[in-house]
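**Student:** What follows is a structure written as structure tokens; I'll ask about it next.
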Amino acid sequence: MTDLLPYGLGSPDLVEFQLGYLVDREIVADLQALSEAARANGFELRLESAYRSFDKQLSIWNRKARGELPLLSAAGVPMDRPKDEEELMYAILTWSALPGASRHHLGTDIDVVDGAACPDGYEVQLTPAECEGMFAKFHAFLTERMVADKAFGFSRVFIPGRGKIRPEGWHIAHLPTSRKRLEHFSLDVLRRIYERSEMECKRAVLANLPQLAENYIYPYFV
Ligand SMILES: [Zn+2]
């Protein structure tokens, strides 16, 4: 039987880490250790996103395609919705993973901010401006830990020069666990999932799938 976990369709062993955020049970101890290290340095590691199912990612994808959620340009500012299906697909891909190929399906990846630096009532957007602004010290701390190899297995995967998704400074991944989860990922399985899905831009996605994988999937499956 095909293991559908890497596509957000299986039944991963999830536990709630912070209110409402589910992560793979295997990363909890390391995430706790990273969170405590952050606290010891005056930061509050706060999750803004964690596990996401295929259906959730599909809903984000479809709402962006239909204009129900804003589309952001590569610079992170709202842009007009392209009329051409292929252009629209590439516009969504700038900031959103393909359903079935999001690292958030793995339960090993999280989006984090510094709760201690968040002004009261502020709604986090997860933008480069935030990473370089109010959360800059927190991200510098994380970078330092990752370079020193004391980030308990966590790394950034959306970094400059890797694939075509914009660098996402807020996204960190527990690589030892995610590597295990991605071992059997197959583009053929993903194609069959798409063929059965109610997905916007489906024709463009299926027609371009190998190139999409080269630029938007495999560079981040490290
Ligand atoms: Zn993320």
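Residue names in the structure tokens use chain letters A, B, ... in the order shown, residue numbers from 1 in each chain, and ligand numbers from 1 in the order shown.
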Which residues, written as a PyMOL selection string, have at least one atom at most 8 Å from A:Leu126, with only C-alpha atoms counted and residues fewer than 4 positions away on the same chain left out?
**Tutor:** chain A and resi 130-131+170
**Student:** For stretch 20-37 of chain A, list every protein, DNA or RNA residue within 7 Å, evaluated using only C-alpha atoms, and leave out those in the same chain fewer than 3 positions away; present the list as a PyMOL selection string.
**Tutor:** chain A and resi 12-17+40-41+45+49-51+107-108+151-152+174
**Student:** Go ahead and save the picked residues with N, CA, C and O atoms, as a short mmCIF file (atom, residue, chain, number, x, y, z; two decimals), in the first residue's frame.
**Tutor:**
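What ended up in out.cif:
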data_model
loop_
_atom_site.label_atom_id
_atom_site.label_comp_id
_atom_site.auth_asym_id
_atom_site.auth_seq_id
_atom_site.Cartn_x
_atom_site.Cartn_y
_atom_site.Cartn_z
N PRO A 12 -0.46 10.75 10.17
CA PRO A 12 0.77 10.89 10.97
C PRO A 12 0.46 10.85 12.46
O PRO A 12 -0.67 11.13 12.87
N ASP A 13 1.48 10.51 13.26
CA ASP A 13 1.34 10.47 14.71
C ASP A 13 1.56 11.89 15.23
O ASP A 13 2.69 12.30 15.45
N LEU A 14 0.49 12.63 15.39
CA LEU A 14 0.59 14.05 15.73
C LEU A 14 0.25 14.30 17.19
O LEU A 14 -0.61 13.64 17.76
N VAL A 15 0.93 15.29 17.77
CA VAL A 15 0.54 15.76 19.10
C VAL A 15 0.45 17.28 19.06
O VAL A 15 1.11 17.93 18.24
N GLU A 16 -0.36 17.84 19.95
CA GLU A 16 -0.49 19.29 20.00
C GLU A 16 0.71 19.85 20.76
O GLU A 16 0.99 19.42 21.88
N PHE A 17 1.43 20.78 20.13
CA PHE A 17 2.58 21.37 20.82
C PHE A 17 2.20 22.68 21.50
O PHE A 17 2.37 22.85 22.69
N ALA A 40 15.64 30.97 27.33
CA ALA A 40 16.83 31.33 28.11
C ALA A 40 17.51 32.56 27.54
O ALA A 40 18.29 33.23 28.23
N ASN A 41 17.23 32.86 26.26
CA ASN A 41 17.83 34.03 25.62
C ASN A 41 16.85 35.19 25.48
O ASN A 41 17.09 36.13 24.71
N LEU A 45 9.53 31.35 21.57
CA LEU A 45 9.29 30.64 20.31
C LEU A 45 7.80 30.34 20.18
O LEU A 45 7.26 29.56 20.97
N SER A 49 2.30 28.23 12.44
CA SER A 49 1.80 27.18 11.56
C SER A 49 2.58 25.91 11.86
O SER A 49 3.73 25.98 12.27
N ALA A 50 1.93 24.76 11.68
CA ALA A 50 2.62 23.49 11.90
C ALA A 50 2.10 22.49 10.88
O ALA A 50 2.11 22.78 9.69
N TYR A 51 1.59 21.35 11.35
CA TYR A 51 1.07 20.35 10.41
C TYR A 51 -0.12 20.91 9.63
O TYR A 51 -0.96 21.62 10.18
N GLY A 107 4.54 17.32 9.28
CA GLY A 107 4.44 17.42 10.74
C GLY A 107 5.78 17.72 11.39
O GLY A 107 5.89 17.80 12.61
N THR A 108 6.81 17.88 10.57
CA THR A 108 8.17 18.12 11.08
C THR A 108 8.59 19.57 10.88
O THR A 108 9.70 19.95 11.27
N ALA A 151 20.81 23.55 17.21
CA ALA A 151 19.39 23.85 17.02
C ALA A 151 18.57 22.57 17.09
O ALA A 151 17.44 22.52 16.64
N PHE A 152 19.16 21.51 17.64
CA PHE A 152 18.45 20.25 17.93
C PHE A 152 17.82 19.62 16.69
O PHE A 152 16.73 19.07 16.76
N HIS A 174 12.57 20.08 11.04
CA HIS A 174 13.37 19.09 11.77
C HIS A 174 13.85 18.06 10.74
O HIS A 174 13.14 17.10 10.40
#
**Student:** List every residue of stretch 58-201 of chain A that DSSP, applied to the backbone of this structure, places in strand (DSSP E or B), and write the result as a PyMOL selection string.
**Tutor:** chain A and resi 72+78+109-114+154-156+171-174
**Student:** With the cut-off set at 7 Å and counting only C-alpha atoms and all ligand atoms, tabulate each residue of chain A with an atom at most that distance from an atom of ligand 1, showing the nearest atom pair and its distance in Å to one decimal, ordered by chain and increasing number, as a tab-separated table.
**Tutor:**
residue	atom	partner	partner_atom_place_in_ligand_line	distance
A:Ser49	CA	ligand 1	1 (Zn)	6.6
A:His104	CA	ligand 1	1 (Zn)	6.4
A:Asp109	CA	ligand 1	1 (Zn)	6.8
A:Ile110	CA	ligand 1	1 (Zn)	5.7
A:Asp111	CA	ligand 1	1 (Zn)	4.8
A:Trp170	CA	ligand 1	1 (Zn)	6.9
A:His171	CA	ligand 1	1 (Zn)	4.4
**Student:** Which is closer to A:Asp114 than all the others in A:Arg46, A:Lys202, A:Arg196, A:Arg156, using only C-alpha atoms?
**Tutor:**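 Of A:Arg46, A:Lys202, A:Arg196, A:Arg156, the one nearest A:Asp114, counting only C-alpha atoms, is A:Arg46.
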**Student:** Between A:Glu168, A:Glu132, A:Glu183, A:Glu198, single out the one closest to A:Leu58, counting only C-alpha atoms.
**Tutor:**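 Comparing A:Glu168, A:Glu132, A:Glu183, A:Glu198 against A:Leu58, the winner is A:Glu198.
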**Student:** Under the rule that only C-alpha atoms are counted, which of A:Ile172, A:Ala116, A:Met199, A:Leu206 is the nearest residue to A:Gln57?
**Tutor:**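 Residue with the minimum atom-to-atom distance to A:Gln57: A:Met199.
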**Student:** In terms of the shortest atom-to-atom distance over only C-alpha atoms, which of A:Leu88, A:Val77, A:Ile217, A:Ile159 is closest to A:Phe185?
**Tutor:**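 For A:Phe185, the nearest of the candidates is A:Ile217.
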**Student:** Under the rule that only C-alpha atoms are counted, which of A:Ala213, A:Phe221, A:Asp80, A:Tyr90 is the nearest residue to A:His184?
**Tutor:** A:Phe221
**Student:** Of the candidates A:Phe43, A:Ala148, A:Gln211, A:Gly8, which one gets nearest to A:Phe135 if we count only C-alpha atoms?
**Tutor:** A:Phe43
**Student:** I'd like the interatomic distance between atom CA of A:His139 and atom CA of A:Leu69, to a tenth of an Å.
**Tutor:**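 Calculated distance between atom CA of A:His139 and atom CA of A:Leu69 is 27.1 Å.
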**Student:** What's the 12 Å shell around A:Gly133, counting only C-alpha atoms, without same-chain residues fewer than 4 positions away, as a PDB file with N, CA, C and O atoms, in the first residue's frame?
**Tutor:**
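Generated output (out_39.pdb):
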ATOM      1  N   VAL A 113       7.661  32.601  15.177  1.00  0.00           N
ATOM      2  CA  VAL A 113       7.944  34.015  15.445  1.00  0.00           C
ATOM      3  C   VAL A 113       8.341  34.135  16.914  1.00  0.00           C
ATOM      4  O   VAL A 113       8.253  33.167  17.662  1.00  0.00           O
ATOM      5  N   ASP A 114       8.765  35.326  17.280  1.00  0.00           N
ATOM      6  CA  ASP A 114       9.086  35.605  18.679  1.00  0.00           C
ATOM      7  C   ASP A 114       7.883  36.274  19.334  1.00  0.00           C
ATOM      8  O   ASP A 114       7.629  37.459  19.110  1.00  0.00           O
ATOM      9  N   ALA A 117       8.344  39.554  21.117  1.00  0.00           N
ATOM     10  CA  ALA A 117       8.566  40.795  20.357  1.00  0.00           C
ATOM     11  C   ALA A 117       7.294  41.270  19.655  1.00  0.00           C
ATOM     12  O   ALA A 117       7.293  42.285  18.965  1.00  0.00           O
ATOM     13  N   CYS A 118       6.214  40.496  19.843  1.00  0.00           N
ATOM     14  CA  CYS A 118       4.955  40.806  19.165  1.00  0.00           C
ATOM     15  C   CYS A 118       4.185  41.873  19.928  1.00  0.00           C
ATOM     16  O   CYS A 118       3.814  41.658  21.066  1.00  0.00           O
ATOM     17  N   LEU A 126       3.678  36.755   8.630  1.00  0.00           N
ATOM     18  CA  LEU A 126       4.760  35.948   8.061  1.00  0.00           C
ATOM     19  C   LEU A 126       5.260  36.571   6.752  1.00  0.00           C
ATOM     20  O   LEU A 126       5.009  36.035   5.662  1.00  0.00           O
ATOM     21  N   THR A 127       5.908  37.689   6.870  1.00  0.00           N
ATOM     22  CA  THR A 127       6.480  38.372   5.709  1.00  0.00           C
ATOM     23  C   THR A 127       7.976  38.591   5.945  1.00  0.00           C
ATOM     24  O   THR A 127       8.431  38.607   7.095  1.00  0.00           O
ATOM     25  N   PRO A 128       8.734  38.792   4.846  1.00  0.00           N
ATOM     26  CA  PRO A 128      10.156  39.105   5.000  1.00  0.00           C
ATOM     27  C   PRO A 128      10.351  40.364   5.847  1.00  0.00           C
ATOM     28  O   PRO A 128      11.309  40.444   6.632  1.00  0.00           O
ATOM     29  N   ALA A 129       9.431  41.323   5.718  1.00  0.00           N
ATOM     30  CA  ALA A 129       9.561  42.568   6.482  1.00  0.00           C
ATOM     31  C   ALA A 129       9.551  42.306   7.989  1.00  0.00           C
ATOM     32  O   ALA A 129      10.298  42.931   8.744  1.00  0.00           O
ATOM     33  N   LYS A 137      15.969  39.870  15.708  1.00  0.00           N
ATOM     34  CA  LYS A 137      16.877  39.345  16.744  1.00  0.00           C
ATOM     35  C   LYS A 137      16.628  37.860  16.982  1.00  0.00           C
ATOM     36  O   LYS A 137      17.557  37.078  17.172  1.00  0.00           O
ATOM     37  N   PHE A 138      15.361  37.495  16.982  1.00  0.00           N
ATOM     38  CA  PHE A 138      14.990  36.091  17.181  1.00  0.00           C
ATOM     39  C   PHE A 138      15.541  35.223  16.048  1.00  0.00           C
ATOM     40  O   PHE A 138      16.115  34.157  16.280  1.00  0.00           O
ATOM     41  N   HIS A 139      15.394  35.692  14.814  1.00  0.00           N
ATOM     42  CA  HIS A 139      15.877  34.907  13.679  1.00  0.00           C
ATOM     43  C   HIS A 139      17.404  34.853  13.647  1.00  0.00           C
ATOM     44  O   HIS A 139      17.986  33.835  13.253  1.00  0.00           O
ATOM     45  N   ALA A 140      18.030  35.923  14.084  1.00  0.00           N
ATOM     46  CA  ALA A 140      19.503  35.904  14.172  1.00  0.00           C
ATOM     47  C   ALA A 140      19.937  34.869  15.207  1.00  0.00           C
ATOM     48  O   ALA A 140      20.909  34.131  15.003  1.00  0.00           O
ATOM     49  N   GLY A 169      12.077  32.979   5.937  1.00  0.00           N
ATOM     50  CA  GLY A 169      12.907  32.971   7.133  1.00  0.00           C
ATOM     51  C   GLY A 169      12.220  32.397   8.352  1.00  0.00           C
ATOM     52  O   GLY A 169      12.868  31.948   9.293  1.00  0.00           O
TER      53      GLY A 169
END
**Student:** One number please: atom CA of A:Glu123 to atom CA of A:Gly76, in Å, one decimal.
**Tutor:**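 About the pair atom CA of A:Glu123 and atom CA of A:Gly76: they are 16.2 Å apart.
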**Student:** Which residues come within 8 Å of A:Arg81, counting only C-alpha atoms, excluding same-chain residues fewer than 4 positions away, as a short mmCIF file (atom, residue, chain, number, x, y, z; two decimals) with N, CA, C and O atoms, in the first residue's frame?
**Tutor:**
data_model
loop_
_atom_site.label_atom_id
_atom_site.label_comp_id
_atom_site.auth_asym_id
_atom_site.auth_seq_id
_atom_site.Cartn_x
_atom_site.Cartn_y
_atom_site.Cartn_z
N ALA A 65 -6.23 30.98 -6.00
CA ALA A 65 -6.52 30.92 -7.44
C ALA A 65 -7.82 31.65 -7.76
O ALA A 65 -7.96 32.27 -8.81
N GLY A 67 -9.08 34.15 -6.10
CA GLY A 67 -9.08 35.53 -5.67
C GLY A 67 -9.71 35.73 -4.30
O GLY A 67 -10.03 36.87 -3.92
N LEU A 71 -3.02 37.46 -3.35
CA LEU A 71 -1.81 36.93 -3.99
C LEU A 71 -0.70 37.94 -3.74
O LEU A 71 -0.90 39.14 -3.92
N LEU A 88 -1.09 32.35 -13.39
CA LEU A 88 -1.73 32.33 -12.07
C LEU A 88 -1.06 31.26 -11.19
O LEU A 88 -0.71 31.51 -10.03
#
**Student:** Could you pull out the alpha helix (DSSP H) residues of stretch 6-183 of chain A from DSSP and send them as a count of residues only?
**Tutor:** 60
**Student:** Please, what distance in Å, to one decimal, runs between atom CA of A:Met79 and atom CA of A:Leu47?
**Tutor:**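 Separating atom CA of A:Met79 from atom CA of A:Leu47 is a distance of 27.1 Å.
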